[in-house]
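Chemist: This is the structure I want to talk about, given as structure tokens.
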Amino acid sequence: MQDIIKWLMEQGEPWVRYRTMLDLLGLPETEPEVIKTRDMMLSHPKVQQLVADVTDWPGPAIKRHNDASHLIYKLSTLADFGIQRNDPGMASVIETVLNNQSPIGAFKSLVNVPKAFGGTGEDQWTWIACDAPTLLYALLAMGIGHEPRVKRAVDHQVSLIKDNGWRCVCAQELGKFRGPGRKADPCPIANVYALKALAMVPDFQDSSATRTGTEMLLHHWKHQHDRKIYMFGIGSDFRKLKYPFVWYDILHVMDVLSRFQFAITDSRLLEMVEVITSQADENGHYRASSMYRAWKGWEFADKKSPSPWITFLVLRIRKRLMGLSKQIMSTN
């Protein structure tokens, strides 16, 4: 395991090294080497380009929620890396997100729902269950959970839970729009997004809402051969390792579920872990088995070479489940 950590620190980009120091080695933010690495991350051309891109928020309207090129996923990726509100270039975009909040609490995006799907066919500021939680996650991860507008959004997200999880819901102004599934069914990706956001709130680390959402995803895995839910299946594509976290795939689901201590010993979750870990190469490294073309040029979007970032993500999941940090430290 020490060799893999060494490889991450030697071959990884600054965001890989930064998150490895914090999440795998448990170093404090105040450690000089952590500060130095974080500064390198902030000055890296790829990160600076992401920051420059998101300052154009909201950008083009969302027409499909698996569009990996959309600014909403660039914002959530910056949050994954550890970018904060006070970092250069971030204050204005975050304030724009905060200022576009619905009266009931959800943060809005610019969305275009075609008339064929029950929408207006025009760009409009609104919210849907598969975009508002991603904005909420980004804001929480960037350290502004104390902000009253963010707290309102958390309360709204919790209020949407049903007895079988989060369903496909949206703002009233979108009228009859709903995803292609049964009205009473939960939406798998909406549950992933909602849980990802609420995992950032200590009061919901173990709550009725997060337990219900977690059970929805684990139940879907267990009954994967029964039927698709809202067209989300669990087949070969689901099992491919992929980043950024945009849609419904095993690495995204496990990164979210592993954040909840009450879930980490569940046999269904452990089955998913085995599917992931079986994809390691002879050195214990992982590579992307699928990629988003919009992210071509990033090492985690290269299917030919081992990816330090994807390897880090898998090790972090394993740490959450098996106390990997103790194993790492014991080998030093």
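Convention: chains lettered A, B, ... in structure tokens order; per-chain residue numbering from 1; ligands numbered from 1 as shown.
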Excluding Met291 in chain A and any residue of its chain fewer than 5 positions from it, enumerate the residues within 12 Å of it, using only C-alpha atoms, and give them as JSON, numbers by chain.

Modeler: {"A": [68, 237, 240, 241, 242, 243, 244, 245, 246, 247, 249, 296, 297, 298, 299, 300, 301, 302, 303, 304, 307, 310]}

Chemist: Output as an mmCIF file with C-alpha atoms, in the first residue's frame all residues of range 8-154 of chain A that backbone DSSP marks as helix (DSSP H, G or I).

Modeler:
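In the end it all went to out-v1.cif:
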data_model
loop_
_atom_site.group_PDB
_atom_site.id
_atom_site.type_symbol
_atom_site.label_atom_id
_atom_site.label_comp_id
_atom_site.auth_asym_id
_atom_site.auth_seq_id
_atom_site.Cartn_x
_atom_site.Cartn_y
_atom_site.Cartn_z
ATOM 1 C CA LEU A 8 0.157 9.035 -6.051
ATOM 2 C CA MET A 9 2.528 11.566 -4.502
ATOM 3 C CA GLU A 10 5.097 11.225 -7.312
ATOM 4 C CA GLN A 11 2.849 10.901 -10.365
ATOM 5 C CA PRO A 14 -1.437 18.761 -7.425
ATOM 6 C CA TRP A 15 -5.111 17.989 -6.686
ATOM 7 C CA VAL A 16 -4.259 14.298 -6.357
ATOM 8 C CA ARG A 17 -1.404 15.008 -3.976
ATOM 9 C CA TYR A 18 -3.454 17.533 -2.017
ATOM 10 C CA ARG A 19 -6.399 15.188 -1.457
ATOM 11 C CA THR A 20 -4.035 12.265 -0.751
ATOM 12 C CA MET A 21 -2.387 14.273 2.019
ATOM 13 C CA LEU A 22 -5.729 15.212 3.548
ATOM 14 C CA ASP A 23 -7.913 12.179 2.960
ATOM 15 C CA LEU A 24 -5.498 9.249 2.970
ATOM 16 C CA PRO A 32 3.580 23.438 5.225
ATOM 17 C CA GLU A 33 3.719 20.772 2.498
ATOM 18 C CA VAL A 34 -0.096 20.698 2.308
ATOM 19 C CA ILE A 35 -0.206 24.487 1.946
ATOM 20 C CA LYS A 36 2.474 24.363 -0.742
ATOM 21 C CA THR A 37 0.634 21.647 -2.677
ATOM 22 C CA ARG A 38 -2.665 23.474 -2.431
ATOM 23 C CA ASP A 39 -1.032 26.606 -3.831
ATOM 24 C CA MET A 40 0.291 24.509 -6.716
ATOM 25 C CA MET A 41 -3.234 23.226 -7.341
ATOM 26 C CA LEU A 42 -4.685 26.742 -7.422
ATOM 27 C CA SER A 43 -2.041 27.919 -9.885
ATOM 28 C CA PRO A 45 -3.463 25.855 -15.687
ATOM 29 C CA LYS A 46 -6.208 23.213 -15.756
ATOM 30 C CA VAL A 47 -7.674 24.364 -12.454
ATOM 31 C CA GLN A 48 -7.399 28.002 -13.440
ATOM 32 C CA GLN A 49 -9.258 27.207 -16.658
ATOM 33 C CA LEU A 50 -12.051 25.494 -14.728
ATOM 34 C CA VAL A 51 -12.325 28.526 -12.456
ATOM 35 C CA ALA A 52 -12.393 30.841 -15.477
ATOM 36 C CA ASP A 53 -15.104 28.714 -17.062
ATOM 37 C CA VAL A 54 -17.419 28.664 -14.042
ATOM 38 C CA LEU A 71 -20.549 24.301 -16.013
ATOM 39 C CA ILE A 72 -22.458 22.601 -13.201
ATOM 40 C CA TYR A 73 -20.036 19.654 -13.372
ATOM 41 C CA LYS A 74 -16.998 21.878 -13.642
ATOM 42 C CA LEU A 75 -18.179 23.545 -10.441
ATOM 43 C CA SER A 76 -18.718 20.218 -8.671
ATOM 44 C CA THR A 77 -15.303 18.972 -9.834
ATOM 45 C CA LEU A 78 -13.651 22.041 -8.330
ATOM 46 C CA ALA A 79 -15.517 21.211 -5.126
ATOM 47 C CA ASP A 80 -14.215 17.627 -5.295
ATOM 48 C CA PHE A 81 -10.650 18.942 -5.562
ATOM 49 C CA MET A 90 -14.709 31.818 -6.862
ATOM 50 C CA ALA A 91 -16.519 34.509 -4.871
ATOM 51 C CA SER A 92 -18.482 35.929 -7.789
ATOM 52 C CA VAL A 93 -19.745 32.615 -9.153
ATOM 53 C CA ILE A 94 -20.775 31.421 -5.706
ATOM 54 C CA GLU A 95 -22.644 34.639 -5.046
ATOM 55 C CA THR A 96 -24.428 34.249 -8.385
ATOM 56 C CA VAL A 97 -25.528 30.746 -7.391
ATOM 57 C CA LEU A 98 -26.676 31.959 -3.980
ATOM 58 C CA ASN A 99 -28.648 34.821 -5.496
ATOM 59 C CA LYS A 115 -42.073 21.029 -25.305
ATOM 60 C CA ALA A 116 -42.042 17.337 -26.222
ATOM 61 C CA PHE A 117 -41.098 16.576 -22.615
ATOM 62 C CA ALA A 132 -30.279 21.595 -7.527
ATOM 63 C CA PRO A 133 -28.546 19.014 -5.241
ATOM 64 C CA THR A 134 -25.324 19.292 -7.250
ATOM 65 C CA LEU A 135 -25.241 23.032 -6.662
ATOM 66 C CA LEU A 136 -25.993 22.427 -2.993
ATOM 67 C CA TYR A 137 -23.141 19.907 -2.759
ATOM 68 C CA ALA A 138 -20.697 22.350 -4.324
ATOM 69 C CA LEU A 139 -21.663 25.134 -1.922
ATOM 70 C CA LEU A 140 -21.421 22.855 1.111
ATOM 71 C CA ALA A 141 -18.080 21.398 -0.004
ATOM 72 C CA PRO A 148 -28.719 30.969 5.748
ATOM 73 C CA ARG A 149 -29.520 30.471 2.062
ATOM 74 C CA VAL A 150 -27.595 27.208 2.040
ATOM 75 C CA LYS A 151 -29.393 26.043 5.183
ATOM 76 C CA ARG A 152 -32.716 26.757 3.487
ATOM 77 C CA ALA A 153 -31.626 24.670 0.514
ATOM 78 C CA VAL A 154 -30.668 21.797 2.836
#

Chemist: Would you please work out which residue, of A:Pro202, A:Pro60, A:Gly165, A:Pro103, is nearest to Glu215 in chain A when using only C-alpha atoms?

Modeler: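 The answer is A:Gly165, which sits nearest to Glu215 in chain A.
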
Chemist: DSSP says strand (DSSP E or B) for which residues of range 148-198 of chain A? Put them as a PyMOL selection string?

Modeler: chain A and resi 162+165+167+170+186

Chemist: Of the residues A:Ile4, A:Gly121, A:Gly12, A:Trp127, which is the one nearest to Trp309 in chain A, using only C-alpha atoms?

Modeler: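 Of all the options, A:Gly12 lies closest to Trp309 in chain A.
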
Chemist: What is the distance, in Å and to one decimal place, between CA of Asp185 in chain A and CA of Phe238 in chain A?

Modeler: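 So the answer is 19.7 Å.
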
Chemist: Quick one: distance from CA of Leu27 in chain A to CA of Asp87 in chain A in Å, one decimal?

Modeler: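 Those two atoms sit 20.4 Å apart.
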